[in-house]
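Enquirer: Dropping in work_8.txt, with compact mmCIF, C-alpha atoms and all ligand atoms.
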```txt
# COMPACT_ATOMS: atom_id res chain seq x y z
CA MET A 1 12.90 20.49 5.85
CA THR A 2 14.57 21.61 2.66
CA SER A 3 12.19 21.65 -0.27
CA ILE A 4 11.86 18.40 -2.19
CA GLU A 5 10.83 17.90 -5.77
CA LEU A 6 7.55 15.99 -5.80
CA PRO A 7 6.72 13.43 -8.47
CA THR A 8 3.82 14.24 -10.81
CA TYR A 9 1.25 12.33 -12.83
CA ALA A 10 3.80 12.10 -15.66
CA ASP A 11 5.86 9.87 -13.32
CA VAL A 12 2.81 7.64 -12.79
CA GLU A 13 2.43 7.34 -16.57
CA ALA A 14 6.11 6.49 -16.95
CA ALA A 15 5.77 3.89 -14.20
CA ALA A 16 2.76 2.37 -15.98
CA ALA A 17 4.88 1.94 -19.13
CA ARG A 18 7.68 0.26 -17.12
CA ILE A 19 5.43 -2.25 -15.37
CA ALA A 20 3.26 -3.01 -18.44
CA GLY A 21 3.33 -6.71 -19.27
CA VAL A 22 5.06 -7.54 -15.98
CA ALA A 23 2.55 -6.44 -13.34
CA ASN A 24 -0.99 -7.76 -13.57
CA ARG A 25 -3.71 -5.40 -14.73
CA THR A 26 -5.94 -6.36 -11.82
CA PRO A 27 -9.70 -6.82 -12.15
CA VAL A 28 -12.38 -4.37 -11.03
CA LEU A 29 -15.21 -6.25 -9.32
CA THR A 30 -18.75 -5.18 -8.49
CA SER A 31 -21.43 -6.65 -6.23
CA ARG A 32 -25.17 -6.07 -6.40
CA THR A 33 -25.44 -6.82 -2.68
CA LEU A 34 -22.83 -4.18 -1.91
CA ASN A 35 -24.49 -1.65 -4.21
CA GLU A 36 -27.80 -2.24 -2.42
CA GLN A 37 -26.19 -1.97 1.02
CA ALA A 38 -24.38 1.23 0.15
CA GLY A 39 -27.11 2.71 -2.05
CA ALA A 40 -24.30 3.51 -4.48
CA GLU A 41 -22.48 2.06 -7.47
CA VAL A 42 -19.25 0.60 -6.05
CA PHE A 43 -16.18 -0.44 -8.04
CA ILE A 44 -13.56 -2.56 -6.27
CA LYS A 45 -10.00 -2.50 -7.66
CA CYS A 46 -8.55 -5.85 -6.58
CA GLU A 47 -4.82 -5.60 -5.87
CA ASN A 48 -5.10 -8.83 -3.91
CA PHE A 49 -4.81 -10.32 -7.42
CA GLN A 50 -1.56 -8.45 -8.10
CA ARG A 51 1.69 -10.45 -8.38
CA MET A 52 2.88 -11.46 -4.90
CA GLY A 53 -0.59 -10.58 -3.63
CA ALA A 54 -0.43 -6.81 -3.12
CA PHE A 55 0.03 -3.49 -4.93
CA LYS A 56 3.59 -3.21 -3.54
CA PHE A 57 4.91 -5.01 -6.63
CA ARG A 58 4.07 -1.93 -8.71
CA GLY A 59 6.26 0.53 -6.80
CA ALA A 60 9.06 -1.97 -6.24
CA PHE A 61 9.31 -2.96 -9.89
CA ASN A 62 9.18 0.68 -11.01
CA ALA A 63 11.96 1.69 -8.61
CA LEU A 64 14.26 -1.21 -9.54
CA SER A 65 13.63 -0.68 -13.27
CA LYS A 66 15.23 2.75 -12.94
CA PHE A 67 18.51 1.44 -11.47
CA SER A 68 21.71 2.24 -13.38
CA PRO A 69 23.82 -0.72 -14.59
CA GLU A 70 26.13 -0.15 -11.60
CA GLN A 71 23.22 -0.15 -9.11
CA ARG A 72 21.86 -3.33 -10.71
CA ARG A 73 25.20 -5.08 -10.38
CA ARG A 74 25.63 -4.15 -6.72
CA GLY A 75 22.07 -4.88 -5.64
CA VAL A 76 19.15 -3.59 -3.58
CA VAL A 77 18.44 -3.66 0.16
CA ALA A 78 15.02 -3.25 1.80
CA PHE A 79 13.75 -3.54 5.35
CA SER A 80 10.28 -4.96 5.81
CA SER A 81 8.53 -7.97 7.27
CA GLY A 82 5.67 -7.70 4.88
CA ASN A 83 4.54 -7.05 1.37
CA HIS A 84 7.27 -4.54 0.44
CA ALA A 85 9.93 -7.20 1.08
CA GLN A 86 8.19 -9.61 -1.25
CA GLY A 87 7.61 -6.93 -3.87
CA ILE A 88 11.31 -6.03 -3.87
CA ALA A 89 12.44 -9.67 -3.81
CA LEU A 90 10.22 -10.66 -6.75
CA SER A 91 11.08 -7.54 -8.78
CA ALA A 92 14.80 -8.10 -8.16
CA LYS A 93 14.50 -11.71 -9.29
CA ILE A 94 12.71 -10.70 -12.51
CA LEU A 95 15.32 -8.01 -13.25
CA GLY A 96 18.32 -10.14 -12.23
CA ILE A 97 19.33 -7.82 -9.37
CA PRO A 98 20.75 -9.25 -6.11
CA ALA A 99 18.43 -8.45 -3.17
CA THR A 100 19.02 -8.31 0.58
CA ILE A 101 15.99 -8.07 2.85
CA VAL A 102 16.27 -7.08 6.53
CA MET A 103 13.54 -8.87 8.51
CA PRO A 104 12.77 -9.22 12.22
CA HIS A 105 13.93 -12.50 13.80
CA ASP A 106 10.32 -13.30 14.74
CA ALA A 107 8.81 -12.64 11.29
CA PRO A 108 6.31 -15.36 10.26
CA ALA A 109 8.19 -18.36 8.83
CA ALA A 110 5.94 -18.30 5.76
CA LYS A 111 6.98 -14.73 4.94
CA VAL A 112 10.69 -15.48 5.40
CA ALA A 113 10.30 -18.58 3.22
CA ALA A 114 8.45 -16.64 0.51
CA THR A 115 11.14 -13.94 0.46
CA LYS A 116 13.94 -16.53 0.26
CA GLY A 117 11.92 -18.37 -2.36
CA TYR A 118 12.27 -15.31 -4.62
CA GLY A 119 16.03 -15.69 -4.25
CA ALA A 120 16.67 -12.85 -1.79
CA ASP A 121 19.23 -12.95 1.04
CA VAL A 122 17.43 -12.51 4.34
CA VAL A 123 19.28 -10.74 7.18
CA VAL A 124 17.48 -11.07 10.51
CA TYR A 125 17.60 -8.61 13.39
CA ASP A 126 16.18 -8.38 16.89
CA ARG A 127 13.25 -5.97 16.64
CA TYR A 128 13.40 -5.16 20.36
CA LYS A 129 17.11 -4.28 20.38
CA GLU A 130 18.10 -3.16 16.90
CA ASP A 131 16.94 -0.53 14.45
CA ARG A 132 16.14 -1.97 11.03
CA GLU A 133 16.67 1.32 9.24
CA ALA A 134 20.15 1.62 10.72
CA ILE A 135 20.94 -1.96 9.62
CA GLY A 136 19.60 -1.28 6.13
CA ARG A 137 21.65 1.89 5.85
CA ARG A 138 24.80 0.17 7.13
CA LEU A 139 24.43 -2.64 4.58
CA ALA A 140 23.83 -0.05 1.89
CA SER A 141 26.99 1.88 2.68
CA GLU A 142 29.22 -1.15 3.39
CA GLN A 143 28.21 -3.11 0.31
CA GLY A 144 27.19 -0.32 -2.04
CA LEU A 145 23.57 -1.50 -2.11
CA THR A 146 20.72 0.85 -3.01
CA LEU A 147 18.16 1.16 -0.22
CA ILE A 148 14.54 1.24 -1.37
CA PRO A 149 12.16 2.31 1.42
CA PRO A 150 8.59 0.98 1.56
CA TYR A 151 6.75 4.22 0.83
CA ASP A 152 8.71 7.48 1.06
CA HIS A 153 10.36 7.38 -2.35
CA PRO A 154 9.25 9.12 -5.59
CA ASP A 155 9.59 6.00 -7.77
CA VAL A 156 7.80 3.80 -5.24
CA LEU A 157 4.81 6.10 -4.84
CA ALA A 158 4.59 6.80 -8.59
CA GLY A 159 4.43 3.04 -9.18
CA GLN A 160 1.68 2.63 -6.59
CA GLY A 161 -0.35 5.28 -8.46
CA THR A 162 -0.70 3.00 -11.48
CA ALA A 163 -3.47 1.00 -9.78
CA ALA A 164 -5.76 4.05 -9.63
CA LYS A 165 -4.77 5.01 -13.18
CA GLU A 166 -6.03 1.60 -14.35
CA LEU A 167 -9.22 1.98 -12.30
CA PHE A 168 -10.13 5.35 -13.83
CA GLU A 169 -9.27 4.13 -17.31
CA GLU A 170 -11.59 1.19 -16.82
CA VAL A 171 -14.62 2.74 -15.12
CA GLY A 172 -14.27 6.47 -15.86
CA ALA A 173 -14.53 9.30 -13.35
CA LEU A 174 -15.76 8.53 -9.82
CA ASP A 175 -17.43 10.71 -7.18
CA TYR A 176 -15.51 9.11 -4.30
CA LEU A 177 -12.42 6.93 -3.91
CA PHE A 178 -11.39 5.12 -0.69
CA VAL A 179 -7.77 4.00 -0.27
CA PRO A 180 -5.93 2.11 2.54
CA LEU A 181 -3.30 4.26 4.28
CA GLY A 182 -0.11 3.17 6.03
CA GLY A 183 2.92 5.33 5.24
CA GLY A 184 1.10 6.89 2.30
CA GLY A 185 2.80 5.47 -0.81
CA LEU A 186 -0.44 4.05 -2.18
CA LEU A 187 -2.51 7.10 -1.22
CA SER A 188 -0.07 9.71 -2.57
CA GLY A 189 0.37 7.85 -5.88
CA THR A 190 -3.40 7.46 -6.10
CA ALA A 191 -3.76 11.19 -5.46
CA LEU A 192 -1.54 12.03 -8.44
CA ALA A 193 -3.65 9.81 -10.70
CA THR A 194 -6.92 11.11 -9.26
CA ARG A 195 -6.15 14.81 -9.70
CA ALA A 196 -5.12 14.10 -13.32
CA LEU A 197 -7.93 11.75 -14.36
CA ALA A 198 -10.89 12.62 -12.11
CA PRO A 199 -10.12 16.02 -10.59
CA GLN A 200 -13.53 16.39 -8.91
CA CYS A 201 -13.36 13.00 -7.19
CA VAL A 202 -13.42 13.14 -3.38
CA LEU A 203 -10.38 11.14 -2.28
CA TYR A 204 -10.17 9.61 1.21
CA GLY A 205 -7.34 7.70 2.85
CA VAL A 206 -8.47 5.17 5.46
CA GLU A 207 -6.18 4.09 8.31
CA PRO A 208 -6.65 1.91 11.40
CA GLU A 209 -8.50 3.65 14.23
CA ALA A 210 -5.77 2.50 16.66
CA GLY A 211 -3.12 4.45 14.79
CA ASN A 212 -4.61 7.64 13.36
CA ASP A 213 -1.31 9.48 12.88
CA GLY A 214 -2.25 10.16 9.25
CA GLN A 215 -5.56 11.76 10.19
CA ARG A 216 -3.88 13.89 12.87
CA SER A 217 -1.09 14.86 10.47
CA PHE A 218 -3.57 15.80 7.77
CA ARG A 219 -5.72 17.87 10.09
CA THR A 220 -2.85 19.65 11.88
CA GLY A 221 -0.67 20.16 8.80
CA GLY A 222 2.50 18.57 10.24
CA ILE A 223 3.72 14.96 10.40
CA VAL A 224 2.59 13.36 13.69
CA ARG A 225 4.59 10.39 15.06
CA ILE A 226 3.00 7.68 17.19
CA ASP A 227 4.03 4.37 18.80
CA THR A 228 3.45 1.24 16.72
CA PRO A 229 -0.35 0.88 16.84
CA LYS A 230 -2.03 -2.33 17.97
CA THR A 231 -4.29 -3.41 15.12
CA ILE A 232 -4.94 -6.45 12.95
CA ALA A 233 -4.07 -4.25 9.93
CA ASP A 234 -0.38 -5.24 9.98
CA GLY A 235 0.34 -3.52 6.66
CA ALA A 236 -0.67 -0.15 8.14
CA GLN A 237 1.15 -0.23 11.48
CA THR A 238 3.34 2.63 10.34
CA GLN A 239 4.24 5.29 12.88
CA TYR A 240 4.40 8.30 10.60
CA LEU A 241 3.86 9.46 7.03
CA GLY A 242 6.83 10.19 4.77
CA ASN A 243 8.04 13.58 3.59
CA TYR A 244 7.11 12.95 -0.05
CA THR A 245 3.89 11.12 0.74
CA PHE A 246 2.66 13.72 3.25
CA ALA A 247 3.37 16.65 0.94
CA ILE A 248 1.20 15.11 -1.78
CA ILE A 249 -1.50 13.91 0.62
CA LYS A 250 -1.75 17.36 2.21
CA ARG A 251 -2.16 18.97 -1.20
CA ASP A 252 -4.36 16.46 -3.05
CA VAL A 253 -6.41 14.35 -0.60
CA ASN A 254 -9.77 15.44 0.82
CA ASP A 255 -9.56 13.79 4.26
CA ILE A 256 -8.31 10.80 6.23
CA LEU A 257 -10.91 8.47 7.79
CA THR A 258 -10.44 5.54 10.17
CA ALA A 259 -11.78 2.00 10.53
CA SER A 260 -11.78 -0.21 13.63
CA ASP A 261 -10.56 -3.81 13.77
CA PRO A 262 -14.17 -5.12 13.98
CA ASP A 263 -15.01 -3.06 10.85
CA LEU A 264 -12.10 -4.75 9.07
CA VAL A 265 -13.24 -8.22 10.12
CA ASN A 266 -16.74 -7.48 8.81
CA ALA A 267 -15.26 -6.40 5.48
CA MET A 268 -13.09 -9.55 5.33
CA LYS A 269 -16.21 -11.65 5.84
CA PHE A 270 -18.12 -9.71 3.21
CA PHE A 271 -15.34 -10.15 0.65
CA ALA A 272 -15.11 -13.89 1.36
CA GLU A 273 -18.80 -14.71 1.56
CA ARG A 274 -20.30 -12.39 -1.02
CA MET A 275 -17.46 -11.70 -3.42
CA LYS A 276 -15.56 -14.99 -3.07
CA THR A 277 -12.26 -13.26 -2.57
CA ILE A 278 -9.67 -13.33 0.25
CA VAL A 279 -8.52 -9.91 1.47
CA GLU A 280 -6.00 -9.30 4.28
CA PRO A 281 -7.11 -7.01 7.13
CA THR A 282 -5.14 -4.00 5.83
CA GLY A 283 -6.63 -4.55 2.38
CA CYS A 284 -10.12 -4.04 3.87
CA LEU A 285 -9.52 -0.47 5.08
CA GLY A 286 -11.02 1.12 1.95
CA LEU A 287 -14.31 -0.78 2.04
CA ALA A 288 -14.62 -0.44 5.83
CA GLY A 289 -14.05 3.32 5.55
CA ALA A 290 -16.64 3.63 2.78
CA LEU A 291 -19.26 1.69 4.75
CA ASN A 292 -18.64 3.93 7.77
CA VAL A 293 -19.79 6.96 5.75
CA LYS A 294 -22.25 5.21 3.46
CA ASP A 295 -25.04 7.70 4.14
CA THR A 296 -23.05 10.30 2.20
CA LEU A 297 -22.59 8.00 -0.82
CA LYS A 298 -26.23 7.58 -1.93
CA GLY A 299 -26.57 7.49 -5.69
CA LYS A 300 -22.83 8.12 -6.20
CA ARG A 301 -20.14 6.27 -8.15
CA VAL A 302 -17.66 5.02 -5.58
CA GLY A 303 -14.23 3.40 -6.01
CA VAL A 304 -12.51 1.26 -3.39
CA ILE A 305 -8.93 0.01 -3.63
CA VAL A 306 -8.36 -3.41 -2.09
CA SER A 307 -4.63 -3.27 -1.41
CA GLY A 308 -3.67 -6.91 -0.76
CA GLY A 309 -4.66 -10.44 0.11
CA ASN A 310 -1.68 -11.94 1.93
CA ILE A 311 -2.91 -13.71 5.04
CA ASP A 312 -2.33 -17.24 6.35
CA LEU A 313 -5.44 -19.36 6.12
CA GLU A 314 -5.18 -20.13 9.84
CA ARG A 315 -5.15 -16.47 10.77
CA PHE A 316 -7.96 -15.75 8.34
CA CYS A 317 -10.07 -18.44 9.98
CA ALA A 318 -9.24 -17.26 13.51
CA LEU A 319 -10.18 -13.65 12.70
CA THR A 320 -13.42 -14.48 10.89
CA ALA A 321 -14.62 -17.32 13.13
CA ALA A 322 -16.22 -15.13 15.79
C1 LIG B 401 1.87 -1.54 2.45
C2 LIG B 401 0.42 -1.83 2.47
C3 LIG B 401 -0.53 -0.82 2.71
C4 LIG B 401 -0.15 0.59 3.08
O1 LIG B 401 0.52 1.21 2.01
P1 LIG B 401 1.32 2.56 2.20
O2 LIG B 401 1.89 2.85 0.87
O3 LIG B 401 2.38 2.31 3.25
O4 LIG B 401 0.36 3.57 2.69
C5 LIG B 401 -1.87 -1.15 2.63
N1 LIG B 401 -2.28 -2.41 2.34
C6 LIG B 401 -1.39 -3.40 2.11
C7 LIG B 401 -1.93 -4.76 1.81
C8 LIG B 401 -0.01 -3.15 2.16
O5 LIG B 401 0.85 -4.14 1.92
```
Could you spell out this file's structure in structure tokens?
Expert:
Amino acid sequence: MTSIELPTYADVEAAAARIAGVANRTPVLTSRTLNEQAGAEVFIKCENFQRMGAFKFRGAFNALSKFSPEQRRRGVVAFSSGNHAQGIALSAKILGIPATIVMPHDAPAAKVAATKGYGADVVVYDRYKEDREAIGRRLASEQGLTLIPPYDHPDVLAGQGTAAKELFEEVGALDYLFVPLGGGGLLSGTALATRALAPQCVLYGVEPEAGNDGQRSFRTGGIVRIDTPKTIADGAQTQYLGNYTFAIIKRDVNDILTASDPDLVNAMKFFAERMKTIVEPTGCLGLAGALNVKDTLKGKRVGVIVSGGNIDLERFCALTAA
């Protein structure tokens, strides 16, 4: 790989200025029950209260804000069935930029409706026969659209880092911070903020046990590719880390941990019952990872990023009923 120029904390600060007044400054919640269970002081940064229900709005809005007048006129294209699509669609609507979203033909109707509701054009493809990246790239070149990927982009990951920046500004330095990991946009942006604002903090990414490509990549030093993992954490079913995200993670993160699907369900129940908040399975990775190593956290100040809360009520009930 030819060398790439990595974004820095200055890019996170610039992103924070761009999203100010548009993105929500999400709350940091605490729970006595959780503190007692963990034997630690735990601070939960709640991106399930972000606009469109996940941190993805931060990176999407930051990336689109940097478009030139020509890019704005022509429009943006993104491929995603999940939160990135909605983050791009909402940001494009706010900025008056035409958006095209490439989604699988069997994406949940609610997600397609939400994306269309933000005014985006939805192009469907057959996920068993066609390659969404190829479709996205073809649309980009044919129509002059700018392709914004879900994580491996300097402006996207810098935007995602603004959540941790807010957390440190609000609660001060932390001993540990636990962050959900898919393709690494959230974790790499968080790493830039952490090394600038709380350099001694131990930073962990947490990914689904069924798809530990990030952990294997981190520990072997090279990007490992896997088949789409089977897990309820649908926002972290990525097959490999990005070039930008991995370079930062390798340099600035302490380790990658995993959490099982049952761990995620337990965390979903805890958030609902004890903290009165709905968190999607992927959003629970941070708390589940922290509870898996809670013996090491005694007496420490611990941060957890809850990444999103987008889940159908029916699915929520089915997963938590057992
Ligand atoms: C996208 C997403 C993630 C994973 O983020 P990456 O930047 O791909 O690592 C985690 N949680 C939720 C809710 C997401 O939407």
Enquirer: Taking 6 positions as the minimum chain separation for residues in the same chain, which residues sit within 6 Å of A:Glu41 when counting all atoms listed in the file? Answer as an MDAnalysis selection string.
Expert: chainID A and resid 35 301:302
Enquirer: Near A:Asp234, within 10 Å and counting all atoms listed in the file, which residues show up once chain neighbours fewer than 2 positions away are dropped, as a ChimeraX atom specification?
Expert: /A:81-82,182,208,229-232,236-238,280-283
Enquirer: Compile the contact shell of A:Cys201 as a ChimeraX atom specification: residues with an atom at most 7 Å away, counting all atoms listed in the file, same-chain residues fewer than 5 positions apart removed.
Expert: /A:174-177
Enquirer: Residues within 10 Å of (-12.6, -4.3, 13.2), file coordinates, counting only C-alpha atoms: what are they? Give the list as a count of residues only.
Expert: 20
Enquirer: Of the candidates A:Leu34, A:Leu147, A:Leu29, A:Ala15, which shows the shortest atom-to-atom distance to A:Phe79, using all atoms listed in the file?
Expert: A:Leu147
Enquirer: Looking at A:Ile135, A:Gly185, A:Val112, A:Gly21, which one is nearest to A:Gly235, with distances taken over all atoms listed in the file?
Expert: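 Among the listed residues, the smallest separation from A:Gly235 belongs to A:Gly185.
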Enquirer: Could you please determine the separation between atom CA of A:Gln143 and atom CA of A:Ala158 in Å, to one decimal place?
Expert: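 Between these atoms lies a distance of 27.1 Å.
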Enquirer: Could you work out how far atom CA of A:Thr190 lies from atom CA of A:Gly299, giving the answer in Å with one decimal?
Expert: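 Here the two named atoms are 23.2 Å from each other.
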